[in-house]
>>> print(open('my_file25.tsv').read())   # TSV, C-alpha atoms
chain	number	residue	atom	x	y	z
A	7	MET	CA	-37.61	-43.64	-93.75
A	8	LYS	CA	-36.20	-46.99	-94.82
A	9	GLN	CA	-34.72	-47.08	-98.30
A	10	HIS	CA	-35.60	-50.10	-100.44
A	11	GLU	CA	-33.37	-51.51	-103.14
A	12	PRO	CA	-34.83	-51.01	-106.65
A	13	ASP	CA	-36.09	-53.97	-108.63
A	14	PHE	CA	-34.33	-54.76	-111.89
A	15	LEU	CA	-35.92	-56.95	-114.55
A	16	ALA	CA	-33.12	-59.20	-115.73
A	17	LEU	CA	-35.10	-60.34	-118.75
A	18	GLU	CA	-34.90	-56.85	-120.24
A	19	TYR	CA	-31.13	-57.30	-120.67
A	20	VAL	CA	-30.11	-59.06	-123.89
A	21	THR	CA	-26.88	-61.02	-124.23
A	22	ILE	CA	-25.79	-61.99	-127.74
A	23	THR	CA	-23.00	-64.53	-127.76
A	24	LYS	CA	-21.77	-67.76	-129.33
A	25	ASP	CA	-22.58	-70.93	-127.43
A	26	PRO	CA	-19.31	-72.90	-127.14
A	27	ARG	CA	-21.13	-76.24	-126.92
A	28	THR	CA	-23.30	-75.97	-130.04
A	29	GLY	CA	-21.51	-73.24	-131.99
A	30	LEU	CA	-24.80	-71.38	-132.38
A	31	VAL	CA	-25.12	-67.62	-132.01
A	32	VAL	CA	-27.76	-67.10	-129.33
A	33	ALA	CA	-29.57	-64.14	-127.82
A	34	ILE	CA	-30.67	-64.61	-124.22
A	35	GLY	CA	-33.10	-62.38	-122.37
A	36	GLY	CA	-35.19	-59.49	-123.57
A	37	THR	CA	-38.82	-58.50	-123.76
A	38	GLU	CA	-41.35	-59.36	-126.48
A	39	GLN	CA	-40.36	-56.13	-128.22
A	40	ALA	CA	-36.71	-57.21	-128.14
A	41	ALA	CA	-37.69	-60.59	-129.59
A	42	GLY	CA	-39.36	-58.86	-132.53
A	43	ILE	CA	-36.25	-56.75	-133.16
A	44	LEU	CA	-34.03	-59.83	-133.03
A	45	GLN	CA	-36.23	-61.60	-135.57
A	46	HIS	CA	-36.72	-58.72	-138.00
A	47	SER	CA	-33.31	-57.01	-137.77
A	48	GLY	CA	-31.01	-59.97	-137.21
A	49	GLY	CA	-32.88	-62.97	-138.60
A	50	PHE	CA	-32.92	-64.74	-135.22
A	51	LEU	CA	-35.27	-67.67	-134.73
A	52	SER	CA	-37.33	-68.00	-131.58
A	53	GLY	CA	-36.22	-70.93	-129.44
A	54	ALA	CA	-38.12	-70.14	-126.24
A	55	ARG	CA	-39.58	-67.18	-124.40
A	56	THR	CA	-36.17	-65.67	-123.63
A	57	TYR	CA	-33.96	-67.59	-126.02
A	58	HIS	CA	-33.32	-66.93	-129.71
A	59	ARG	CA	-30.70	-68.22	-132.14
A	60	LEU	CA	-29.39	-67.70	-135.63
A	61	PRO	CA	-30.04	-70.46	-138.19
A	62	HIS	CA	-27.68	-73.41	-138.43
A	63	GLY	CA	-24.90	-73.41	-141.00
A	64	LEU	CA	-24.33	-69.66	-141.35
A	65	PRO	CA	-20.75	-68.63	-142.25
A	66	PHE	CA	-18.98	-66.83	-139.42
A	67	GLU	CA	-19.02	-63.45	-141.19
A	68	GLN	CA	-22.79	-63.78	-141.66
A	69	GLN	CA	-23.14	-64.58	-137.97
A	70	ARG	CA	-21.15	-61.46	-137.10
A	71	LEU	CA	-23.16	-59.28	-139.48
A	72	LYS	CA	-26.54	-60.44	-138.16
A	73	ALA	CA	-25.47	-60.28	-134.51
A	74	THR	CA	-24.05	-56.76	-134.91
A	75	THR	CA	-27.11	-55.54	-136.81
A	76	ALA	CA	-29.46	-56.94	-134.18
A	77	ALA	CA	-27.43	-55.50	-131.28
A	78	HIS	CA	-27.44	-51.99	-132.70
A	79	ALA	CA	-31.15	-52.18	-133.52
A	80	LEU	CA	-31.82	-53.16	-129.91
A	81	LEU	CA	-29.65	-50.33	-128.61
A	82	ALA	CA	-31.45	-47.85	-130.84
A	83	ALA	CA	-34.76	-49.03	-129.36
A	84	GLY	CA	-33.48	-48.44	-125.82
A	85	HIS	CA	-32.64	-51.99	-124.78
A	86	SER	CA	-29.53	-52.93	-122.80
A	87	VAL	CA	-27.32	-55.27	-124.82
A	88	HIS	CA	-24.07	-57.15	-124.36
A	89	LEU	CA	-22.58	-58.24	-127.68
A	90	ASP	CA	-19.73	-60.72	-127.63
A	91	PRO	CA	-16.68	-58.76	-128.95
A	92	ALA	CA	-15.85	-61.67	-131.27
A	93	LEU	CA	-19.21	-61.08	-133.02
A	94	ASN	CA	-18.92	-57.30	-133.22
A	95	MET	CA	-18.11	-56.30	-136.80
A	96	LEU	CA	-17.50	-52.70	-135.71
A	97	ALA	CA	-14.77	-53.59	-133.21
A	98	THR	CA	-11.37	-52.31	-134.33
A	99	PRO	CA	-8.78	-55.05	-134.86
A	100	ASP	CA	-6.21	-53.07	-132.89
A	101	GLY	CA	-8.52	-52.58	-129.92
A	102	ASP	CA	-6.55	-54.89	-127.61
A	103	ARG	CA	-3.26	-53.24	-128.56
A	104	ASP	CA	-4.70	-49.77	-127.99
A	105	ALA	CA	-6.01	-50.88	-124.59
A	106	ALA	CA	-2.54	-52.20	-123.67
A	107	LEU	CA	-0.93	-48.91	-124.67
A	108	ARG	CA	-3.47	-46.98	-122.61
A	109	TYR	CA	-2.75	-49.25	-119.65
A	110	LEU	CA	1.00	-48.59	-119.89
A	111	GLY	CA	0.36	-44.87	-120.17
A	112	HIS	CA	-1.87	-45.05	-117.10
A	113	LEU	CA	0.90	-46.78	-115.12
A	114	ALA	CA	3.34	-44.07	-116.14
A	115	GLU	CA	0.90	-41.39	-114.97
A	116	ARG	CA	0.33	-43.18	-111.66
A	117	VAL	CA	4.01	-43.46	-110.85
A	118	ALA	CA	4.65	-39.86	-111.92
A	119	ALA	CA	1.94	-38.68	-109.52
A	120	ALA	CA	2.99	-41.01	-106.67
A	121	GLU	CA	3.38	-39.32	-103.31
A	122	THR	CA	4.19	-42.37	-101.17
A	123	GLY	CA	6.45	-45.39	-101.42
A	124	SER	CA	3.41	-47.68	-101.34
A	125	GLN	CA	2.01	-46.04	-104.46
A	126	VAL	CA	5.30	-46.64	-106.28
A	127	ALA	CA	5.29	-50.24	-105.02
A	128	GLU	CA	1.79	-50.82	-106.42
A	129	VAL	CA	2.93	-49.85	-109.92
A	130	LEU	CA	6.08	-51.98	-109.69
A	131	THR	CA	3.92	-54.92	-108.61
A	132	GLU	CA	1.82	-54.62	-111.76
A	133	ILE	CA	5.02	-54.64	-113.81
A	134	ALA	CA	6.83	-57.57	-112.20
A	135	SER	CA	4.28	-59.67	-110.30
A	136	PRO	CA	5.07	-63.36	-110.97
A	137	ALA	CA	1.38	-64.20	-111.47
A	138	ASN	CA	0.26	-61.59	-114.00
A	139	GLY	CA	2.90	-58.86	-114.16
A	140	LEU	CA	3.66	-57.23	-117.48
A	141	LEU	CA	7.30	-58.32	-117.58
A	142	PRO	CA	6.72	-62.05	-116.77
A	143	LEU	CA	3.89	-62.17	-119.33
A	144	THR	CA	6.14	-60.55	-121.93
A	145	ARG	CA	8.86	-63.09	-121.10
A	146	GLU	CA	6.35	-65.90	-121.69
A	147	VAL	CA	5.61	-64.51	-125.15
A	148	VAL	CA	9.32	-64.34	-125.99
A	149	VAL	CA	9.87	-67.92	-124.77
A	150	ARG	CA	7.01	-69.19	-126.93
A	151	ALA	CA	8.36	-67.23	-129.89
A	152	ALA	CA	11.77	-68.86	-129.45
A	153	VAL	CA	10.21	-72.33	-129.24
A	154	ALA	CA	8.09	-71.69	-132.35
A	155	ALA	CA	11.07	-70.28	-134.25
A	156	ARG	CA	13.17	-73.30	-133.32
A	157	ALA	CA	10.46	-75.66	-134.58
A	158	LEU	CA	10.23	-73.80	-137.90
A	159	GLU	CA	13.97	-73.38	-138.32
A	160	GLY	CA	15.57	-74.91	-141.39
A	161	THR	CA	19.17	-75.95	-141.93
A	162	ARG	CA	21.58	-73.47	-140.39
A	163	SER	CA	25.33	-73.13	-140.73
A	164	SER	CA	26.95	-74.24	-137.47
A	165	ASP	CA	29.57	-71.50	-137.58
A	166	GLU	CA	26.94	-68.74	-137.41
A	167	PRO	CA	25.79	-67.31	-134.07
A	168	ASP	CA	22.43	-68.76	-133.12
A	169	PRO	CA	19.90	-65.91	-132.74
A	170	ILE	CA	17.36	-68.22	-131.11
A	171	ASP	CA	19.82	-69.16	-128.37
A	172	ARG	CA	20.42	-65.45	-127.89
A	173	LEU	CA	16.66	-64.93	-127.63
A	174	LEU	CA	16.46	-67.53	-124.87
A	175	GLU	CA	19.35	-65.84	-123.07
A	176	ILE	CA	17.34	-62.63	-123.12
A	177	THR	CA	14.46	-64.37	-121.36
A	178	HIS	CA	16.82	-65.22	-118.48
A	179	SER	CA	17.75	-61.53	-118.31
A	180	MET	CA	14.06	-60.65	-118.21
A	181	SER	CA	13.57	-63.01	-115.25
A	182	ARG	CA	16.45	-61.37	-113.40
A	183	ALA	CA	15.05	-57.93	-114.22
A	184	ALA	CA	11.66	-58.91	-112.78
A	185	GLN	CA	13.34	-60.08	-109.58
A	186	ALA	CA	15.25	-56.81	-109.33
A	187	ILE	CA	12.03	-54.83	-109.82
A	188	LEU	CA	10.29	-56.84	-107.08
A	189	HIS	CA	13.25	-56.16	-104.76
A	190	ALA	CA	12.92	-52.44	-105.51
A	191	ARG	CA	9.17	-52.73	-104.90
A	192	ASN	CA	9.75	-54.18	-101.44
A	193	HIS	CA	12.25	-51.44	-100.68
A	194	ALA	CA	9.79	-48.74	-101.79
A	195	ALA	CA	6.99	-50.29	-99.72
A	196	ARG	CA	9.21	-50.35	-96.59
A	197	ALA	CA	10.44	-46.80	-97.09
A	198	LEU	CA	7.22	-45.25	-95.83
A	199	ARG	CA	6.93	-47.57	-92.82
A	200	ASN	CA	10.53	-46.99	-91.77
A	201	ALA	CA	10.53	-43.25	-92.31
A	202	PRO	CA	11.36	-41.35	-89.11
A	203	ALA	CA	8.39	-39.81	-87.43
A	204	PRO	CA	8.34	-36.01	-87.42
A	205	PRO	CA	9.49	-34.47	-84.15
A	206	PRO	CA	6.67	-33.50	-81.81
A	207	SER	CA	5.81	-29.86	-81.96
A	208	THR	CA	6.73	-27.82	-78.89
A	209	PRO	CA	3.63	-26.30	-77.32
A	210	GLN	CA	3.76	-22.53	-77.30
A	211	PRO	CA	2.84	-20.66	-74.11
A	212	PRO	CA	-0.40	-18.72	-74.39
A	213	ALA	CA	0.06	-15.08	-75.16
A	214	SER	CA	-0.25	-12.83	-72.09
A	215	ARG	CA	-3.41	-10.84	-71.94
A	216	ARG	CA	-3.24	-7.11	-71.80
A	217	ARG	CA	-4.83	-5.67	-68.77
>>> encode(input="my_file25.tsv", output="structure tokens")
Amino acid sequence: MKQHEPDFLALEYVTITKDPRTGLVVAIGGTEQAAGILQHSGGFLSGARTYHRLPHGLPFEQQRLKATTAAHALLAAGHSVHLDPALNMLATPDGDRDAALRYLGHLAERVAAAETGSQVAEVLTEIASPANGLLPLTREVVVRAAVAARALEGTRSSDEPDPIDRLLEITHSMSRAAQAILHARNHAARALRNAPAPPPSTPQPPASRRR
């Protein structure tokens, strides 16, 4: 019997976000029931059949309050909702930092459980990849901090060591460390491919049968 893909009604899904072009908080999608919840719980105004918005001129905190209230009312009624994190009043301010710490802990667990050189190499790639590795991104933050500190720096005695110059020197060390990690990654990735193959097992003669 041929299996058919299920049909999903996209209009039942509500997205609440801030339109970058107009600055308005909008709710897109949803059924007639969802429209009523948006209007009564969040104070949204109907713009079209699947488009609603908050009134013009609301302070940002009022936008967040109404968007969060409407989103949770929709969820309580069984609707699927995506609320822009910037509008979510219940989001913890340290959420991004906590996620970063969990990510680092996950990398540590992965490398501790690694059984092959390729698995170690994958973790090292996430640490030192030039495009989006943790170490190059951290170096970028330090460089920007040094530039900002230099721009804000006042008069300094010339006979004192320059901590900002030292900070920039550290960024060079971070670049060299990333290169060393990538070299180790390549070595770990090759280790499995170049490992000697196990010797072939010697076939054992069949046991003689008793007569």
>>> residues_around(input="my_file25.tsv", residues="A:Pro142", least_positions_apart="6", cutoff="12 Å", atoms="only C-alpha atoms", output="PDB file with C-alpha atoms, in the frame of the given file")
ATOM      1  CA  THR A 131       3.920 -54.920-108.610  1.00  0.00           C
ATOM      2  CA  GLU A 132       1.820 -54.620-111.760  1.00  0.00           C
ATOM      3  CA  ILE A 133       5.020 -54.640-113.810  1.00  0.00           C
ATOM      4  CA  ALA A 134       6.830 -57.570-112.200  1.00  0.00           C
ATOM      5  CA  SER A 135       4.280 -59.670-110.300  1.00  0.00           C
ATOM      6  CA  PRO A 136       5.070 -63.360-110.970  1.00  0.00           C
ATOM      7  CA  VAL A 148       9.320 -64.340-125.990  1.00  0.00           C
ATOM      8  CA  VAL A 149       9.870 -67.920-124.770  1.00  0.00           C
ATOM      9  CA  THR A 177      14.460 -64.370-121.360  1.00  0.00           C
ATOM     10  CA  HIS A 178      16.820 -65.220-118.480  1.00  0.00           C
ATOM     11  CA  SER A 179      17.750 -61.530-118.310  1.00  0.00           C
ATOM     12  CA  MET A 180      14.060 -60.650-118.210  1.00  0.00           C
ATOM     13  CA  SER A 181      13.570 -63.010-115.250  1.00  0.00           C
ATOM     14  CA  ARG A 182      16.450 -61.370-113.400  1.00  0.00           C
ATOM     15  CA  ALA A 183      15.050 -57.930-114.220  1.00  0.00           C
ATOM     16  CA  ALA A 184      11.660 -58.910-112.780  1.00  0.00           C
ATOM     17  CA  GLN A 185      13.340 -60.080-109.580  1.00  0.00           C
ATOM     18  CA  ILE A 187      12.030 -54.830-109.820  1.00  0.00           C
ATOM     19  CA  LEU A 188      10.290 -56.840-107.080  1.00  0.00           C
TER      20      LEU A 188
END
>>> atom_distance(input="my_file25.tsv", atom1="atom CA of A:Ala76", atom2="atom CA of A:Gly35")
13.5 Å
>>> atom_distance(input="my_file25.tsv", atom1="atom CA of A:Gly139", atom2="atom CA of A:Ala119")
20.7 Å
>>> closest_residue(input="my_file25.tsv", among="A:Leu110, A:Val32, A:Ala79, A:Ala154", to="A:His46", atoms="all atoms listed in the file")
A:Ala79
>>> residues_around(input="my_file25.tsv", residues="stretch 69-74 of chain A", least_positions_apart="6", cutoff="9 Å", atoms="only C-alpha atoms", output="ChimeraX atom specification")
/A:22-23,30-33,44,47-50,60,89-90,92-96
>>> axis_aligned_box(input="my_file25.tsv", around="stretch 172-175 of chain A", padding_each_side="5 Å", output="lines of an AutoDock Vina configuration file")
center_x = 18.4
center_y = -66.2
center_z = -125.5
size_x = 14.0
size_y = 12.6
size_z = 14.8
>>> atom_distance(input="my_file25.tsv", atom1="atom CA of A:Ala137", atom2="atom CA of A:Ala97")
29.1 Å
>>> closest_residue(input="my_file25.tsv", among="A:Glu159, A:Leu81, A:Gly53, A:Leu140", to="A:Tyr19", atoms="only C-alpha atoms")
A:Leu81
>>> decode(input="my_file25.tsv", residues="stretch 135-167 of chain A", atoms="C-alpha atoms", output="short mmCIF file (atom, residue, chain, number, x, y, z; two decimals), in the first residue's frame")
data_model
loop_
_atom_site.label_atom_id
_atom_site.label_comp_id
_atom_site.auth_asym_id
_atom_site.auth_seq_id
_atom_site.Cartn_x
_atom_site.Cartn_y
_atom_site.Cartn_z
CA SER A 135 38.13 26.25 11.92
CA PRO A 136 39.09 29.56 10.24
CA ALA A 137 35.49 30.22 9.17
CA ASN A 138 33.55 29.76 12.41
CA GLY A 139 35.81 28.00 14.91
CA LEU A 140 35.61 28.96 18.57
CA LEU A 141 39.20 30.14 18.82
CA PRO A 142 39.19 32.42 15.71
CA LEU A 143 35.86 33.92 16.81
CA THR A 144 37.27 34.55 20.29
CA ARG A 145 40.34 36.16 18.72
CA GLU A 146 38.04 38.48 16.74
CA VAL A 147 36.38 39.58 19.97
CA VAL A 148 39.75 40.30 21.59
CA VAL A 149 40.91 42.29 18.55
CA ARG A 150 37.76 44.41 18.61
CA ALA A 151 38.17 44.93 22.35
CA ALA A 152 41.73 46.16 21.81
CA VAL A 153 40.61 48.55 19.07
CA ALA A 154 37.76 49.89 21.23
CA ALA A 155 40.06 50.27 24.24
CA ARG A 156 42.60 52.15 22.14
CA ALA A 157 39.91 54.53 20.89
CA LEU A 158 38.73 55.23 24.44
CA GLU A 159 42.20 55.48 25.93
CA GLY A 160 43.17 58.75 27.57
CA THR A 161 46.62 60.18 28.17
CA ARG A 162 49.08 57.50 29.22
CA SER A 163 52.59 57.76 30.59
CA SER A 164 55.03 56.65 27.89
CA ASP A 165 57.28 54.84 30.36
CA GLU A 166 54.52 52.41 31.36
CA PRO A 167 54.05 49.09 29.56
#
